[in-house]
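Colleague: Below you'll find protein.txt; it's compact mmCIF, N, CA and C atoms.
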```txt
# COMPACT_ATOMS: atom_id res chain seq x y z
N MET A 1 196.52 12.72 -34.87
CA MET A 1 197.27 11.77 -35.66
C MET A 1 196.85 10.36 -35.26
N ARG A 2 196.64 9.50 -36.25
CA ARG A 2 196.24 8.12 -35.99
C ARG A 2 197.43 7.28 -35.56
N PRO A 3 197.19 6.32 -34.66
CA PRO A 3 198.27 5.39 -34.31
C PRO A 3 198.57 4.48 -35.50
N LYS A 4 199.79 4.46 -35.97
CA LYS A 4 200.17 3.70 -37.16
C LYS A 4 199.97 2.20 -37.00
N ALA A 5 200.24 1.67 -35.83
CA ALA A 5 200.12 0.23 -35.62
C ALA A 5 198.70 -0.27 -35.83
N ARG A 6 197.71 0.58 -35.61
CA ARG A 6 196.32 0.15 -35.72
C ARG A 6 195.73 0.42 -37.09
N ASP A 7 196.41 1.20 -37.94
CA ASP A 7 195.87 1.54 -39.25
C ASP A 7 195.50 0.31 -40.07
N ALA A 8 196.44 -0.60 -40.23
CA ALA A 8 196.21 -1.79 -41.05
C ALA A 8 195.10 -2.65 -40.45
N GLU A 9 195.08 -2.78 -39.15
CA GLU A 9 194.05 -3.56 -38.48
C GLU A 9 192.67 -2.96 -38.70
N PHE A 10 192.56 -1.64 -38.55
CA PHE A 10 191.29 -0.94 -38.76
C PHE A 10 190.83 -1.08 -40.20
N GLU A 11 191.72 -0.82 -41.14
CA GLU A 11 191.36 -0.88 -42.55
C GLU A 11 190.95 -2.30 -42.96
N ASP A 12 191.62 -3.31 -42.44
CA ASP A 12 191.25 -4.69 -42.73
C ASP A 12 189.86 -5.00 -42.16
N PHE A 13 189.60 -4.56 -40.95
CA PHE A 13 188.29 -4.75 -40.31
C PHE A 13 187.19 -4.13 -41.16
N VAL A 14 187.39 -2.90 -41.62
CA VAL A 14 186.38 -2.20 -42.41
C VAL A 14 186.18 -2.88 -43.75
N ARG A 15 187.25 -3.23 -44.41
CA ARG A 15 187.13 -3.88 -45.73
C ARG A 15 186.36 -5.19 -45.64
N ARG A 16 186.58 -5.96 -44.59
CA ARG A 16 185.87 -7.23 -44.44
C ARG A 16 184.38 -7.04 -44.23
N ARG A 17 183.99 -5.89 -43.72
CA ARG A 17 182.58 -5.62 -43.45
C ARG A 17 181.92 -4.70 -44.48
N ARG A 18 182.67 -4.30 -45.47
CA ARG A 18 182.17 -3.36 -46.47
C ARG A 18 180.90 -3.86 -47.14
N SER A 19 180.83 -5.13 -47.49
CA SER A 19 179.66 -5.65 -48.19
C SER A 19 178.39 -5.51 -47.35
N HIS A 20 178.52 -5.54 -46.04
CA HIS A 20 177.36 -5.38 -45.16
C HIS A 20 176.87 -3.93 -45.13
N LEU A 21 177.72 -3.01 -45.51
CA LEU A 21 177.38 -1.59 -45.44
C LEU A 21 176.97 -0.99 -46.78
N LEU A 22 177.13 -1.74 -47.87
CA LEU A 22 176.78 -1.20 -49.18
C LEU A 22 175.31 -0.80 -49.21
N GLY A 23 175.04 0.40 -49.73
CA GLY A 23 173.68 0.91 -49.79
C GLY A 23 173.23 1.59 -48.52
N THR A 24 174.05 1.56 -47.49
CA THR A 24 173.70 2.23 -46.24
C THR A 24 174.51 3.50 -46.11
N ALA A 25 174.26 4.21 -45.05
CA ALA A 25 175.09 5.35 -44.69
C ALA A 25 175.55 5.14 -43.26
N VAL A 26 176.78 5.44 -43.00
CA VAL A 26 177.33 5.38 -41.65
C VAL A 26 177.30 6.80 -41.10
N VAL A 27 176.63 6.98 -39.97
CA VAL A 27 176.50 8.30 -39.37
C VAL A 27 177.27 8.31 -38.06
N LEU A 28 178.22 9.21 -37.94
CA LEU A 28 179.03 9.32 -36.74
C LEU A 28 178.48 10.44 -35.86
N ILE A 29 178.19 10.10 -34.62
CA ILE A 29 177.72 11.08 -33.65
C ILE A 29 178.63 11.03 -32.43
N GLY A 30 178.59 12.05 -31.62
CA GLY A 30 179.39 12.09 -30.40
C GLY A 30 179.71 13.53 -30.05
N PRO A 31 180.33 13.73 -28.92
CA PRO A 31 180.63 15.09 -28.47
C PRO A 31 181.70 15.75 -29.33
N ARG A 32 181.76 17.05 -29.22
CA ARG A 32 182.78 17.84 -29.91
C ARG A 32 184.17 17.31 -29.52
N GLY A 33 185.01 17.16 -30.50
CA GLY A 33 186.37 16.72 -30.25
C GLY A 33 186.55 15.21 -30.17
N ALA A 34 185.50 14.45 -30.45
CA ALA A 34 185.59 12.99 -30.38
C ALA A 34 186.28 12.38 -31.59
N GLY A 35 186.47 13.16 -32.65
CA GLY A 35 187.14 12.65 -33.83
C GLY A 35 186.20 12.23 -34.95
N LYS A 36 184.98 12.76 -34.95
CA LYS A 36 184.00 12.36 -35.95
C LYS A 36 184.44 12.70 -37.37
N THR A 37 184.95 13.90 -37.57
CA THR A 37 185.37 14.31 -38.91
C THR A 37 186.59 13.53 -39.36
N THR A 38 187.57 13.41 -38.51
CA THR A 38 188.78 12.67 -38.87
C THR A 38 188.47 11.21 -39.14
N THR A 39 187.73 10.58 -38.25
CA THR A 39 187.35 9.18 -38.42
C THR A 39 186.48 9.02 -39.66
N GLY A 40 185.56 9.96 -39.85
CA GLY A 40 184.67 9.89 -41.00
C GLY A 40 185.41 9.91 -42.33
N ARG A 41 186.38 10.78 -42.44
CA ARG A 41 187.17 10.85 -43.68
C ARG A 41 187.92 9.54 -43.94
N ILE A 42 188.53 9.00 -42.89
CA ILE A 42 189.27 7.74 -43.02
C ILE A 42 188.33 6.61 -43.38
N LEU A 43 187.20 6.54 -42.68
CA LEU A 43 186.23 5.47 -42.93
C LEU A 43 185.66 5.56 -44.35
N ALA A 44 185.31 6.76 -44.79
CA ALA A 44 184.78 6.94 -46.13
C ALA A 44 185.80 6.50 -47.19
N GLN A 45 187.03 6.90 -47.00
CA GLN A 45 188.08 6.52 -47.94
C GLN A 45 188.25 5.00 -47.97
N THR A 46 188.26 4.39 -46.81
CA THR A 46 188.45 2.94 -46.72
C THR A 46 187.29 2.18 -47.35
N LEU A 47 186.07 2.68 -47.16
CA LEU A 47 184.88 2.03 -47.72
C LEU A 47 184.64 2.38 -49.18
N GLY A 48 185.26 3.44 -49.66
CA GLY A 48 184.96 3.92 -51.00
C GLY A 48 183.64 4.68 -51.03
N PHE A 49 183.23 5.26 -49.91
CA PHE A 49 181.99 6.02 -49.79
C PHE A 49 182.31 7.51 -49.91
N GLY A 50 181.26 8.30 -50.13
CA GLY A 50 181.38 9.74 -50.04
C GLY A 50 181.43 10.16 -48.58
N PHE A 51 181.87 11.38 -48.34
CA PHE A 51 181.94 11.89 -46.97
C PHE A 51 181.21 13.22 -46.88
N VAL A 52 180.38 13.37 -45.85
CA VAL A 52 179.68 14.61 -45.57
C VAL A 52 180.00 15.04 -44.15
N ASP A 53 180.52 16.24 -44.00
CA ASP A 53 180.79 16.80 -42.68
C ASP A 53 179.65 17.74 -42.33
N GLY A 54 178.92 17.44 -41.26
CA GLY A 54 177.77 18.25 -40.87
C GLY A 54 178.11 19.70 -40.63
N ASP A 55 179.19 19.96 -39.91
CA ASP A 55 179.60 21.35 -39.66
C ASP A 55 179.99 22.05 -40.96
N GLY A 56 180.63 21.32 -41.85
CA GLY A 56 181.01 21.90 -43.14
C GLY A 56 179.80 22.22 -44.00
N ALA A 57 178.80 21.34 -43.99
CA ALA A 57 177.57 21.58 -44.75
C ALA A 57 176.83 22.80 -44.20
N LEU A 58 176.80 22.91 -42.88
CA LEU A 58 176.16 24.06 -42.25
C LEU A 58 176.91 25.34 -42.61
N ALA A 59 178.22 25.31 -42.54
CA ALA A 59 179.03 26.48 -42.88
C ALA A 59 178.80 26.90 -44.33
N ALA A 60 178.69 25.93 -45.23
CA ALA A 60 178.44 26.26 -46.63
C ALA A 60 177.07 26.93 -46.80
N LYS A 61 176.10 26.50 -46.02
CA LYS A 61 174.75 27.09 -46.12
C LYS A 61 174.72 28.52 -45.59
N VAL A 62 175.39 28.78 -44.48
CA VAL A 62 175.30 30.10 -43.84
C VAL A 62 176.43 31.04 -44.21
N GLY A 63 177.45 30.53 -44.88
CA GLY A 63 178.54 31.38 -45.34
C GLY A 63 179.57 31.75 -44.29
N GLN A 64 179.62 31.01 -43.20
CA GLN A 64 180.65 31.24 -42.19
C GLN A 64 180.86 29.96 -41.39
N PRO A 65 181.99 29.82 -40.72
CA PRO A 65 182.23 28.61 -39.92
C PRO A 65 181.13 28.41 -38.87
N ALA A 66 180.86 27.16 -38.56
CA ALA A 66 179.78 26.82 -37.63
C ALA A 66 179.93 27.54 -36.28
N GLY A 67 181.14 27.59 -35.75
CA GLY A 67 181.36 28.25 -34.46
C GLY A 67 181.04 29.73 -34.49
N GLN A 68 181.42 30.39 -35.56
CA GLN A 68 181.10 31.82 -35.70
C GLN A 68 179.60 32.04 -35.82
N TYR A 69 178.95 31.15 -36.59
CA TYR A 69 177.50 31.26 -36.78
C TYR A 69 176.78 31.07 -35.45
N LEU A 70 177.21 30.09 -34.67
CA LEU A 70 176.62 29.84 -33.35
C LEU A 70 176.75 31.08 -32.47
N ALA A 71 177.93 31.68 -32.45
CA ALA A 71 178.15 32.88 -31.64
C ALA A 71 177.29 34.05 -32.12
N ALA A 72 177.06 34.13 -33.41
CA ALA A 72 176.30 35.25 -33.96
C ALA A 72 174.80 35.14 -33.74
N VAL A 73 174.26 33.90 -33.84
CA VAL A 73 172.79 33.77 -33.82
C VAL A 73 172.24 33.12 -32.56
N GLY A 74 173.11 32.51 -31.76
CA GLY A 74 172.65 31.83 -30.55
C GLY A 74 172.28 30.38 -30.80
N GLU A 75 172.16 29.67 -29.68
CA GLU A 75 171.95 28.21 -29.72
C GLU A 75 170.68 27.79 -30.46
N ALA A 76 169.55 28.41 -30.16
CA ALA A 76 168.28 27.98 -30.74
C ALA A 76 168.27 28.14 -32.26
N ALA A 77 168.70 29.28 -32.75
CA ALA A 77 168.72 29.51 -34.20
C ALA A 77 169.75 28.60 -34.87
N PHE A 78 170.88 28.40 -34.20
CA PHE A 78 171.91 27.52 -34.75
C PHE A 78 171.37 26.10 -34.91
N ARG A 79 170.72 25.58 -33.87
CA ARG A 79 170.18 24.21 -33.93
C ARG A 79 169.09 24.08 -34.99
N ALA A 80 168.27 25.11 -35.16
CA ALA A 80 167.23 25.06 -36.19
C ALA A 80 167.86 24.98 -37.58
N THR A 81 168.90 25.78 -37.81
CA THR A 81 169.60 25.74 -39.10
C THR A 81 170.31 24.41 -39.28
N GLU A 82 170.93 23.94 -38.22
CA GLU A 82 171.62 22.64 -38.27
C GLU A 82 170.64 21.54 -38.66
N ALA A 83 169.45 21.54 -38.06
CA ALA A 83 168.43 20.53 -38.38
C ALA A 83 167.98 20.67 -39.84
N ALA A 84 167.83 21.91 -40.31
CA ALA A 84 167.41 22.14 -41.69
C ALA A 84 168.42 21.60 -42.70
N VAL A 85 169.68 21.54 -42.32
CA VAL A 85 170.73 20.99 -43.16
C VAL A 85 170.85 19.48 -42.97
N THR A 86 170.77 19.03 -41.73
CA THR A 86 171.05 17.64 -41.38
C THR A 86 169.93 16.68 -41.78
N VAL A 87 168.70 17.03 -41.50
CA VAL A 87 167.58 16.11 -41.74
C VAL A 87 167.50 15.71 -43.23
N PRO A 88 167.53 16.65 -44.17
CA PRO A 88 167.51 16.22 -45.58
C PRO A 88 168.74 15.41 -45.98
N ALA A 89 169.89 15.75 -45.42
CA ALA A 89 171.11 14.99 -45.74
C ALA A 89 170.97 13.54 -45.28
N LEU A 90 170.39 13.33 -44.10
CA LEU A 90 170.20 11.97 -43.60
C LEU A 90 169.14 11.22 -44.40
N ALA A 91 168.13 11.94 -44.86
CA ALA A 91 167.05 11.31 -45.62
C ALA A 91 167.54 10.74 -46.94
N SER A 92 168.55 11.37 -47.52
CA SER A 92 169.02 10.93 -48.83
C SER A 92 170.38 10.23 -48.79
N ALA A 93 170.96 10.08 -47.62
CA ALA A 93 172.30 9.50 -47.51
C ALA A 93 172.30 8.02 -47.91
N GLN A 94 173.21 7.69 -48.80
CA GLN A 94 173.39 6.30 -49.21
C GLN A 94 174.84 6.15 -49.67
N SER A 95 175.50 5.11 -49.21
CA SER A 95 176.91 4.89 -49.50
C SER A 95 177.74 6.13 -49.16
N GLN A 96 177.45 6.67 -47.98
CA GLN A 96 178.16 7.84 -47.49
C GLN A 96 178.50 7.64 -46.02
N VAL A 97 179.50 8.36 -45.58
CA VAL A 97 179.79 8.51 -44.16
C VAL A 97 179.45 9.95 -43.82
N VAL A 98 178.61 10.13 -42.81
CA VAL A 98 178.16 11.46 -42.40
C VAL A 98 178.64 11.70 -40.97
N ALA A 99 179.39 12.76 -40.76
CA ALA A 99 179.85 13.15 -39.42
C ALA A 99 179.01 14.33 -38.97
N LEU A 100 178.14 14.11 -37.99
CA LEU A 100 177.28 15.17 -37.51
C LEU A 100 178.02 16.08 -36.54
N GLY A 101 177.54 17.31 -36.42
CA GLY A 101 178.07 18.22 -35.42
C GLY A 101 177.80 17.66 -34.04
N GLY A 102 178.62 18.03 -33.08
CA GLY A 102 178.54 17.47 -31.74
C GLY A 102 177.19 17.59 -31.05
N GLY A 103 176.46 18.66 -31.31
CA GLY A 103 175.17 18.85 -30.64
C GLY A 103 173.97 18.52 -31.49
N ALA A 104 174.18 18.02 -32.69
CA ALA A 104 173.07 17.76 -33.61
C ALA A 104 172.01 16.84 -33.00
N VAL A 105 172.45 15.87 -32.21
CA VAL A 105 171.48 14.91 -31.66
C VAL A 105 170.63 15.50 -30.55
N THR A 106 170.88 16.73 -30.17
CA THR A 106 170.02 17.37 -29.17
C THR A 106 168.72 17.86 -29.79
N VAL A 107 168.63 17.84 -31.11
CA VAL A 107 167.45 18.32 -31.83
C VAL A 107 166.53 17.13 -32.12
N PRO A 108 165.29 17.17 -31.65
CA PRO A 108 164.38 16.04 -31.84
C PRO A 108 164.23 15.59 -33.30
N GLU A 109 164.18 16.53 -34.24
CA GLU A 109 164.02 16.15 -35.65
C GLU A 109 165.23 15.36 -36.16
N VAL A 110 166.39 15.69 -35.67
CA VAL A 110 167.60 14.96 -36.07
C VAL A 110 167.56 13.55 -35.48
N ARG A 111 167.17 13.45 -34.21
CA ARG A 111 167.08 12.11 -33.60
C ARG A 111 166.08 11.24 -34.36
N THR A 112 164.97 11.81 -34.77
CA THR A 112 163.99 11.06 -35.55
C THR A 112 164.59 10.63 -36.88
N ALA A 113 165.29 11.53 -37.56
CA ALA A 113 165.91 11.22 -38.85
C ALA A 113 166.94 10.10 -38.72
N LEU A 114 167.60 10.02 -37.58
CA LEU A 114 168.61 8.98 -37.36
C LEU A 114 168.01 7.58 -37.26
N GLN A 115 166.70 7.48 -37.11
CA GLN A 115 166.03 6.19 -37.00
C GLN A 115 165.66 5.59 -38.36
N ARG A 116 165.97 6.31 -39.44
CA ARG A 116 165.63 5.82 -40.78
C ARG A 116 166.36 4.51 -41.07
N PRO A 117 165.63 3.54 -41.64
CA PRO A 117 166.32 2.31 -42.08
C PRO A 117 167.42 2.66 -43.08
N GLY A 118 168.51 1.94 -43.00
CA GLY A 118 169.62 2.18 -43.91
C GLY A 118 170.70 3.08 -43.34
N LEU A 119 170.48 3.55 -42.10
CA LEU A 119 171.51 4.34 -41.43
C LEU A 119 172.15 3.47 -40.35
N PHE A 120 173.45 3.46 -40.33
CA PHE A 120 174.22 2.75 -39.32
C PHE A 120 174.86 3.82 -38.46
N VAL A 121 174.32 4.03 -37.25
CA VAL A 121 174.74 5.13 -36.39
C VAL A 121 175.79 4.64 -35.40
N VAL A 122 176.90 5.38 -35.33
CA VAL A 122 178.01 5.02 -34.46
C VAL A 122 178.31 6.19 -33.54
N PHE A 123 178.34 5.92 -32.24
CA PHE A 123 178.70 6.94 -31.25
C PHE A 123 180.19 6.86 -30.98
N LEU A 124 180.87 7.98 -31.19
CA LEU A 124 182.30 8.06 -30.88
C LEU A 124 182.49 8.90 -29.63
N HIS A 125 183.46 8.55 -28.86
CA HIS A 125 183.82 9.37 -27.71
C HIS A 125 185.33 9.38 -27.57
N ALA A 126 185.81 10.46 -27.02
CA ALA A 126 187.25 10.59 -26.81
C ALA A 126 187.56 10.18 -25.37
N PRO A 127 188.74 9.67 -25.12
CA PRO A 127 189.11 9.35 -23.74
C PRO A 127 188.90 10.57 -22.84
N GLY A 128 188.33 10.35 -21.70
CA GLY A 128 188.07 11.44 -20.77
C GLY A 128 186.66 11.98 -20.86
N ASP A 129 185.91 11.53 -21.90
CA ASP A 129 184.51 11.97 -22.03
C ASP A 129 183.64 11.29 -20.99
```
Have the structure of the file written as structure tokens, please.

Modeller:
Amino acid sequence: MRPKARDAEFEDFVRRRRSHLLGTAVVLIGPRGAGKTTTGRILAQTLGFGFVDGDGALAAKVGQPAGQYLAAVGEAAFRATEAAVTVPALASAQSQVVALGGGAVTVPEVRTALQRPGLFVVFLHAPGD
């Protein structure tokens, strides 16, 4: 749950900077549980951008939740599939907020894709990380 006192402050901050982000994509990275999906949805709504959840896109491709898929196929196959979903999404992202899976940045192809001009990459972390 978001702290209510900060909602208006956050939304005002984002709205004032919206013009600087038009035509770009905001990509949220960070460890599992850092709030990438929750923050991404709020940010996308505030900016008027589309929202892409990396774990959700992967789940749609493989037909099961990301965690189940990871358990079924193992880390290496999971990361390869994650990269196959993530890299094209980053290549075409514009006026979107993209929340990557927590381990996506461990894949070299994903790190390379994150260097594309027009991507604004933000690292989120949760207290205690």

Colleague: Rounded to one decimal, what separation in Å do you get between atom C of Val122 of chain A and atom C of Pro31 of chain A?

Modeller: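 It comes out at 11.0 Å.
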
Colleague: Chain A: which residues are strand (DSSP E or B) by DSSP, as a PyMOL selection string?

Modeller: chain A and resi 25-29+50-53+96-99+119-123

Colleague: When you count all atoms listed in the file, which of these residues is closest to Pro117 of chain A: A:Arg41, A:Val105, A:Gly67, A:Thr24?

Modeller: A:Thr24

Colleague: Find the spatial neighbours of segment 50-66 of chain A, counting only C-alpha atoms, within a cut-off of 7 Å - ignore same-chain residues fewer than 2 positions away - and output them as a PyMOL selection string.

Modeller: chain A and resi 37+40-41+44+48+68-70+82+85-86+95-101

Colleague: Interatomic distance between atom C of Pro127 of chain A and atom CA of Arg16 of chain A?

Modeller: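 Separating atom C of Pro127 of chain A from atom CA of Arg16 of chain A is a distance of 28.2 Å.
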
Colleague: Find the residue from A:Leu43, A:Ala80, A:Val110, A:Ala126 that sits nearest to Phe13 of chain A; use only C-alpha atoms when measuring.

Modeller: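 The answer is A:Leu43, which sits nearest to Phe13 of chain A.
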
Colleague: Write out as an MDAnalysis selection string all residues of segment 5-113 of chain A that backbone DSSP assigns to alpha helix (DSSP H).

Modeller: chainID A and resid 5:21 36:47 54:62 66:73 75:92 108:113

Colleague: Kindly provide, as AutoDock Vina command-line options, the centre and edge lengths (Å, one decimal) of an axis-aligned box around all atoms of segment 33-50 of chain A given in the file, with 6 Å on each side.

Modeller:
```
--center_x 185.3 --center_y 9.6 --center_z -40.6 --size_x 20.0 --size_y 27.1 --size_z 32.9
```

Colleague: Provide the atom C of Gly33 of chain A to atom CA of Gly102 of chain A distance in Å, to one decimal place.

Modeller: 8.5 Å

Colleague: Select, from A:Val14, A:Leu114, A:Ile29, A:Val121, the residue with the minimum atom-to-atom distance to Leu90 of chain A, counting only N, CA and C atoms.

Modeller: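 Ranked by minimum distance to Leu90 of chain A, first place goes to A:Leu114.
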
Colleague: Could I get segment 63-84 of chain A from the block written out with N, CA, C and O atoms, as a compact mmCIF listing (two decimals), in the first residue's frame?

Modeller:
```txt
# COMPACT_ATOMS: atom_id res chain seq x y z
N GLY A 63 2.74 -19.63 -20.89
CA GLY A 63 1.49 -20.22 -20.45
C GLY A 63 1.43 -20.60 -18.99
O GLY A 63 0.57 -21.40 -18.59
N GLN A 64 2.32 -20.06 -18.18
CA GLN A 64 2.28 -20.31 -16.73
C GLN A 64 2.99 -19.17 -16.01
O GLN A 64 3.77 -18.45 -16.63
N PRO A 65 2.71 -18.98 -14.73
CA PRO A 65 3.39 -17.91 -13.99
C PRO A 65 4.91 -18.06 -14.04
O PRO A 65 5.45 -19.18 -14.12
N ALA A 66 5.60 -16.94 -14.00
CA ALA A 66 7.06 -16.94 -14.13
C ALA A 66 7.73 -17.84 -13.09
O ALA A 66 8.65 -18.60 -13.42
N GLY A 67 7.27 -17.81 -11.86
CA GLY A 67 7.87 -18.64 -10.81
C GLY A 67 7.73 -20.13 -11.08
O GLY A 67 8.66 -20.91 -10.85
N GLN A 68 6.57 -20.53 -11.56
CA GLN A 68 6.36 -21.93 -11.91
C GLN A 68 7.24 -22.35 -13.07
O GLN A 68 7.80 -23.44 -13.10
N TYR A 69 7.35 -21.46 -14.06
CA TYR A 69 8.18 -21.75 -15.23
C TYR A 69 9.64 -21.90 -14.82
O TYR A 69 10.32 -22.83 -15.26
N LEU A 70 10.12 -21.01 -13.96
CA LEU A 70 11.49 -21.09 -13.46
C LEU A 70 11.73 -22.44 -12.77
O LEU A 70 12.74 -23.11 -13.03
N ALA A 71 10.80 -22.84 -11.92
CA ALA A 71 10.94 -24.12 -11.21
C ALA A 71 10.93 -25.30 -12.18
O ALA A 71 11.63 -26.29 -11.96
N ALA A 72 10.17 -25.19 -13.24
CA ALA A 72 10.04 -26.30 -14.19
C ALA A 72 11.24 -26.45 -15.11
O ALA A 72 11.64 -27.57 -15.42
N VAL A 73 11.82 -25.32 -15.56
CA VAL A 73 12.86 -25.41 -16.59
C VAL A 73 14.27 -25.08 -16.10
O VAL A 73 15.24 -25.32 -16.80
N GLY A 74 14.37 -24.50 -14.92
CA GLY A 74 15.68 -24.12 -14.39
C GLY A 74 16.09 -22.71 -14.81
O GLY A 74 15.52 -22.11 -15.71
N GLU A 75 17.12 -22.23 -14.11
CA GLU A 75 17.57 -20.84 -14.26
C GLU A 75 18.02 -20.50 -15.68
O GLU A 75 17.62 -19.47 -16.25
N ALA A 76 18.85 -21.32 -16.29
CA ALA A 76 19.41 -21.00 -17.61
C ALA A 76 18.31 -20.89 -18.67
O ALA A 76 18.29 -19.91 -19.44
N ALA A 77 17.42 -21.85 -18.73
CA ALA A 77 16.35 -21.81 -19.72
C ALA A 77 15.39 -20.66 -19.43
O ALA A 77 14.90 -19.99 -20.36
N PHE A 78 15.13 -20.41 -18.16
CA PHE A 78 14.26 -19.30 -17.78
C PHE A 78 14.84 -17.98 -18.27
O PHE A 78 14.15 -17.16 -18.87
N ARG A 79 16.12 -17.75 -18.00
CA ARG A 79 16.76 -16.49 -18.41
C ARG A 79 16.79 -16.34 -19.93
O ARG A 79 16.63 -15.23 -20.45
N ALA A 80 17.00 -17.43 -20.65
CA ALA A 80 16.99 -17.36 -22.11
C ALA A 80 15.61 -16.95 -22.63
O ALA A 80 15.50 -16.09 -23.52
N THR A 81 14.57 -17.52 -22.05
CA THR A 81 13.21 -17.16 -22.45
C THR A 81 12.90 -15.73 -22.05
O THR A 81 12.30 -14.97 -22.81
N GLU A 82 13.33 -15.36 -20.85
CA GLU A 82 13.12 -13.98 -20.38
C GLU A 82 13.77 -12.99 -21.34
O GLU A 82 13.18 -11.97 -21.70
N ALA A 83 15.00 -13.27 -21.77
CA ALA A 83 15.69 -12.39 -22.72
C ALA A 83 14.95 -12.34 -24.05
O ALA A 83 14.84 -11.27 -24.67
N ALA A 84 14.44 -13.49 -24.51
CA ALA A 84 13.72 -13.54 -25.78
C ALA A 84 12.45 -12.68 -25.74
O ALA A 84 12.01 -12.18 -26.78
```
